[in-house]
Amino acid sequence: NWNTPVELSVHNPEIVYFGSQRLNRSFDEGKTWTAISPDLSYNFANGDVPYSTITSIAESPISFQVLWVGTDDGKVQVTRDGGTTWNDVSSGLPQYRWVSEVHASNHDVAAAYVSLNGYRFDEFSSYIFKTTDYGATWISVTGDLPEDVVNVIVQDPVQPELLYAGLDHGSYVSLNDGQNWHLITQIPNVASYDMIVHPR
């Protein structure tokens, strides 16, 4: 992928995850790798610009066994046993959209947030969804965000109702788990592709 996701484990800094069409894991800081999943994408036939690859990896801060993966062709999959078995939880989400971010909750092992974009379909709608049952069901937490592509969604590590979202035209904060959103005026009104809340 153009921006291949690489993630350090929050449980052990020697463990690294790397996304291709499969999820790969290293226990020795990237010296050796093992694929811990099958192809997690739709595996569409590709033309001059290849896709059907992983775009986002999220390891649960609560459980080492729980991993989430999103792809650029609209799949969201989760494992609850460290990669032995995978569950496709894409139903209930807009189909075939680019998964820009999967964020595993800091507060609930079964909860996660997903943002998607529809650039491939010349679509500029805002998509943020939340699950509290490992992806069995999804609810929209887009709230009153303006119609703009969402690139990243992050939950605060201390306050579960506090969310941050990076859009193509600005960064936003929600104080009530996505019901209402407020533009963060201290940040320039530009595209935001990644966010982190410093643990201190």
# chains A, B, ... in the order shown; residues from 1 in each chain; ligands from 1

call {"tool": "closest_atom_pairs", "arguments": {"of": "range 106-182 of chain A", "to": "range 194-198 of chain A", "cutoff": "8 Å", "atoms": "only C-alpha atoms", "output": "Markdown table"}}
result
| residue | atom | partner | partner_atom | distance |
| --- | --- | --- | --- | --- |
| A:Asn151 | CA | A:Asp194 | CA | 7.4 |
| A:Val152 | CA | A:Asp194 | CA | 5.8 |
| A:Ile153 | CA | A:Met195 | CA | 7.8 |
| A:Val154 | CA | A:Met195 | CA | 6.9 |
| A:Asp156 | CA | A:Val197 | CA | 6.6 |
| A:Pro157 | CA | A:Val197 | CA | 7.4 |
| A:Tyr164 | CA | A:Met195 | CA | 8.0 |
| A:Gly166 | CA | A:Asp194 | CA | 7.0 |

call {"tool": "select_by_dssp", "arguments": {"residues": "range 7-92 of chain A", "states": "strand (DSSP E or B)", "output": "list in words"}}
result
Glu7, Leu8, Val16, Tyr17, Phe18, Gly19, Leu23, Asn24, Arg25, Ser26, Thr34, Ala35, Ile54, Thr55, Ser56, Ile57, Ala58, Glu59, Leu67, Trp68, Val69, Gly70, Thr71, Val76, Gln77, Val78, Thr79, Asn87 and Asp88 of chain A

call {"tool": "residues_around", "arguments": {"residues": "Gln21 in chain A", "least_positions_apart": "5", "cutoff": "7 Å", "atoms": "only C-alpha atoms", "output": "PyMOL selection string"}}
result
chain A and resi 39-41+52-54

call {"tool": "closest_atom_pairs", "arguments": {"of": "range 34-83 of chain A", "to": "range 133-149 of chain A", "cutoff": "10 Å", "atoms": "only C-alpha atoms", "output": "JSON lines"}}
result
{"residue": "A:Val66", "atom": "CA", "partner": "A:Tyr134", "partner_atom": "CA", "distance": 9.3}
{"residue": "A:Trp68", "atom": "CA", "partner": "A:Tyr134", "partner_atom": "CA", "distance": 9.3}
{"residue": "A:Val76", "atom": "CA", "partner": "A:Gly135", "partner_atom": "CA", "distance": 8.5}
{"residue": "A:Gln77", "atom": "CA", "partner": "A:Gly135", "partner_atom": "CA", "distance": 8.3}
{"residue": "A:Val78", "atom": "CA", "partner": "A:Tyr134", "partner_atom": "CA", "distance": 7.3}
{"residue": "A:Thr79", "atom": "CA", "partner": "A:Tyr134", "partner_atom": "CA", "distance": 9.0}
{"residue": "A:Arg80", "atom": "CA", "partner": "A:Tyr134", "partner_atom": "CA", "distance": 8.7}

call {"tool": "write_last_selection", "arguments": {"atoms": "N, CA, C and O atoms", "output": "short mmCIF file (atom, residue, chain, number, x, y, z; two decimals), in the first residue's frame"}}
result
data_model
loop_
_atom_site.label_atom_id
_atom_site.label_comp_id
_atom_site.auth_asym_id
_atom_site.auth_seq_id
_atom_site.Cartn_x
_atom_site.Cartn_y
_atom_site.Cartn_z
N VAL A 66 -6.50 -9.36 21.12
CA VAL A 66 -7.49 -8.69 20.27
C VAL A 66 -6.81 -7.73 19.32
O VAL A 66 -6.14 -6.78 19.74
N TRP A 68 -7.46 -5.59 15.45
CA TRP A 68 -8.38 -5.13 14.43
C TRP A 68 -7.59 -4.73 13.19
O TRP A 68 -6.48 -4.22 13.29
N VAL A 76 -13.31 -4.80 7.40
CA VAL A 76 -12.86 -4.67 8.78
C VAL A 76 -12.93 -6.06 9.39
O VAL A 76 -13.97 -6.72 9.33
N GLN A 77 -11.81 -6.51 9.95
CA GLN A 77 -11.75 -7.85 10.52
C GLN A 77 -11.13 -7.77 11.91
O GLN A 77 -10.32 -6.88 12.19
N VAL A 78 -11.52 -8.73 12.75
CA VAL A 78 -11.03 -8.74 14.13
C VAL A 78 -10.69 -10.17 14.52
O VAL A 78 -11.35 -11.12 14.10
N THR A 79 -9.63 -10.30 15.31
CA THR A 79 -9.29 -11.57 15.93
C THR A 79 -9.31 -11.40 17.44
O THR A 79 -8.90 -10.35 17.95
N ARG A 80 -9.80 -12.41 18.14
CA ARG A 80 -9.84 -12.38 19.60
C ARG A 80 -8.92 -13.42 20.20
O ARG A 80 -8.90 -13.62 21.41
#

call {"tool": "closest_residue", "arguments": {"among": "A:Thr85, A:Ile57, A:His169, A:Val102", "to": "Ser126 in chain A", "atoms": "only C-alpha atoms"}}
result
A:His169

call {"tool": "closest_residue", "arguments": {"among": "A:Gly82, A:Pro38, A:Pro5, A:Gly118", "to": "Ser56 in chain A", "atoms": "only C-alpha atoms"}}
result
A:Pro5

call {"tool": "closest_residue", "arguments": {"among": "A:Phe44, A:Tyr51, A:Phe64, A:Tyr172", "to": "His11 in chain A", "atoms": "only C-alpha atoms"}}
result
A:Phe64

call {"tool": "residues_around", "arguments": {"residues": "Trp98 in chain A", "least_positions_apart": "6", "cutoff": "6 Å", "atoms": "only C-alpha atoms", "output": "PyMOL selection string"}}
result
chain A and resi 72-74+116-117

call {"tool": "write_last_selection", "arguments": {"atoms": "N, CA, C and O atoms", "output": "PDB file, in the first residue's frame"}}
result
ATOM      1  N   ASP A  72      -8.167  -1.147   2.341  1.00  0.00           N
ATOM      2  CA  ASP A  72      -8.535  -0.068   1.428  1.00  0.00           C
ATOM      3  C   ASP A  72      -9.688  -0.432   0.502  1.00  0.00           C
ATOM      4  O   ASP A  72     -10.120   0.400  -0.296  1.00  0.00           O
ATOM      5  N   ASP A  73     -10.194  -1.657   0.600  1.00  0.00           N
ATOM      6  CA  ASP A  73     -11.372  -2.033  -0.200  1.00  0.00           C
ATOM      7  C   ASP A  73     -12.592  -2.301   0.667  1.00  0.00           C
ATOM      8  O   ASP A  73     -13.580  -2.867   0.209  1.00  0.00           O
ATOM      9  N   GLY A  74     -12.531  -1.892   1.948  1.00  0.00           N
ATOM     10  CA  GLY A  74     -13.730  -1.874   2.772  1.00  0.00           C
ATOM     11  C   GLY A  74     -13.921  -2.980   3.777  1.00  0.00           C
ATOM     12  O   GLY A  74     -14.970  -3.056   4.414  1.00  0.00           O
ATOM     13  N   LEU A 116     -13.996   5.825   7.608  1.00  0.00           N
ATOM     14  CA  LEU A 116     -13.886   5.376   6.227  1.00  0.00           C
ATOM     15  C   LEU A 116     -13.993   6.576   5.292  1.00  0.00           C
ATOM     16  O   LEU A 116     -14.536   7.610   5.672  1.00  0.00           O
ATOM     17  N   ASN A 117     -13.486   6.399   4.059  1.00  0.00           N
ATOM     18  CA  ASN A 117     -13.702   7.440   3.062  1.00  0.00           C
ATOM     19  C   ASN A 117     -14.098   6.837   1.722  1.00  0.00           C
ATOM     20  O   ASN A 117     -13.788   5.679   1.425  1.00  0.00           O
TER      21      ASN A 117
END

call {"tool": "residues_around", "arguments": {"residues": "Asn12 in chain A", "least_positions_apart": "5", "cutoff": "12 Å", "atoms": "only C-alpha atoms", "output": "MDAnalysis selection string"}}
result
chainID A and resid 7 17 26:29 59 61 63:64

call {"tool": "write_last_selection", "arguments": {"atoms": "N, CA and C atoms", "output": "compact mmCIF listing (two decimals), in the first residue's frame"}}
result
# COMPACT_ATOMS: atom_id res chain seq x y z
N GLU A 7 2.86 -0.99 13.12
CA GLU A 7 2.45 -0.66 14.48
C GLU A 7 3.31 -1.40 15.49
N TYR A 17 3.84 -5.05 14.17
CA TYR A 17 2.86 -5.52 13.18
C TYR A 17 3.06 -4.75 11.87
N SER A 26 6.13 -9.59 14.03
CA SER A 26 7.50 -9.92 14.40
C SER A 26 7.63 -9.87 15.91
N PHE A 27 8.28 -10.86 16.48
CA PHE A 27 8.56 -10.88 17.92
C PHE A 27 9.96 -10.37 18.24
N ASP A 28 10.74 -10.01 17.21
CA ASP A 28 12.15 -9.63 17.42
C ASP A 28 12.49 -8.32 16.73
N GLU A 29 11.62 -7.34 16.89
CA GLU A 29 11.86 -5.98 16.38
C GLU A 29 12.01 -5.93 14.86
N GLU A 59 -4.11 -2.75 17.76
CA GLU A 59 -3.99 -3.75 18.83
C GLU A 59 -4.71 -3.21 20.06
N PRO A 61 -5.36 -2.10 23.60
CA PRO A 61 -4.50 -1.82 24.75
C PRO A 61 -4.85 -2.67 25.97
N SER A 63 -6.13 -6.10 25.72
CA SER A 63 -5.83 -7.52 25.52
C SER A 63 -4.90 -7.71 24.33
N PHE A 64 -3.79 -8.38 24.54
CA PHE A 64 -2.84 -8.70 23.47
C PHE A 64 -3.48 -9.58 22.41

call {"tool": "closest_residue", "arguments": {"among": "A:Leu167, A:Leu162, A:Ala58, A:Ile128", "to": "Ser9 in chain A", "atoms": "only C-alpha atoms"}}
result
A:Ala58

call {"tool": "closest_residue", "arguments": {"among": "A:Phe121, A:Trp86, A:Phe129, A:Trp33", "to": "His103 in chain A", "atoms": "only C-alpha atoms"}}
result
A:Phe129

call {"tool": "atom_distance", "arguments": {"atom1": "CA of Leu67 in chain A", "atom2": "CA of Gly92 in chain A"}}
result
19.2 Å

call {"tool": "residues_around", "arguments": {"residues": "Leu175 in chain A", "least_positions_apart": "3", "cutoff": "10 Å", "atoms": "only C-alpha atoms", "output": "list in words"}}
result
Gln159, Pro160, Glu161, Leu162, Leu163, Tyr164, Gly178, Gln179, Asn180, Trp181 and His182 of chain A

call {"tool": "atom_distance", "arguments": {"atom1": "CA of Thr84 in chain A", "atom2": "CA of Ser37 in chain A"}}
result
7.3 Å
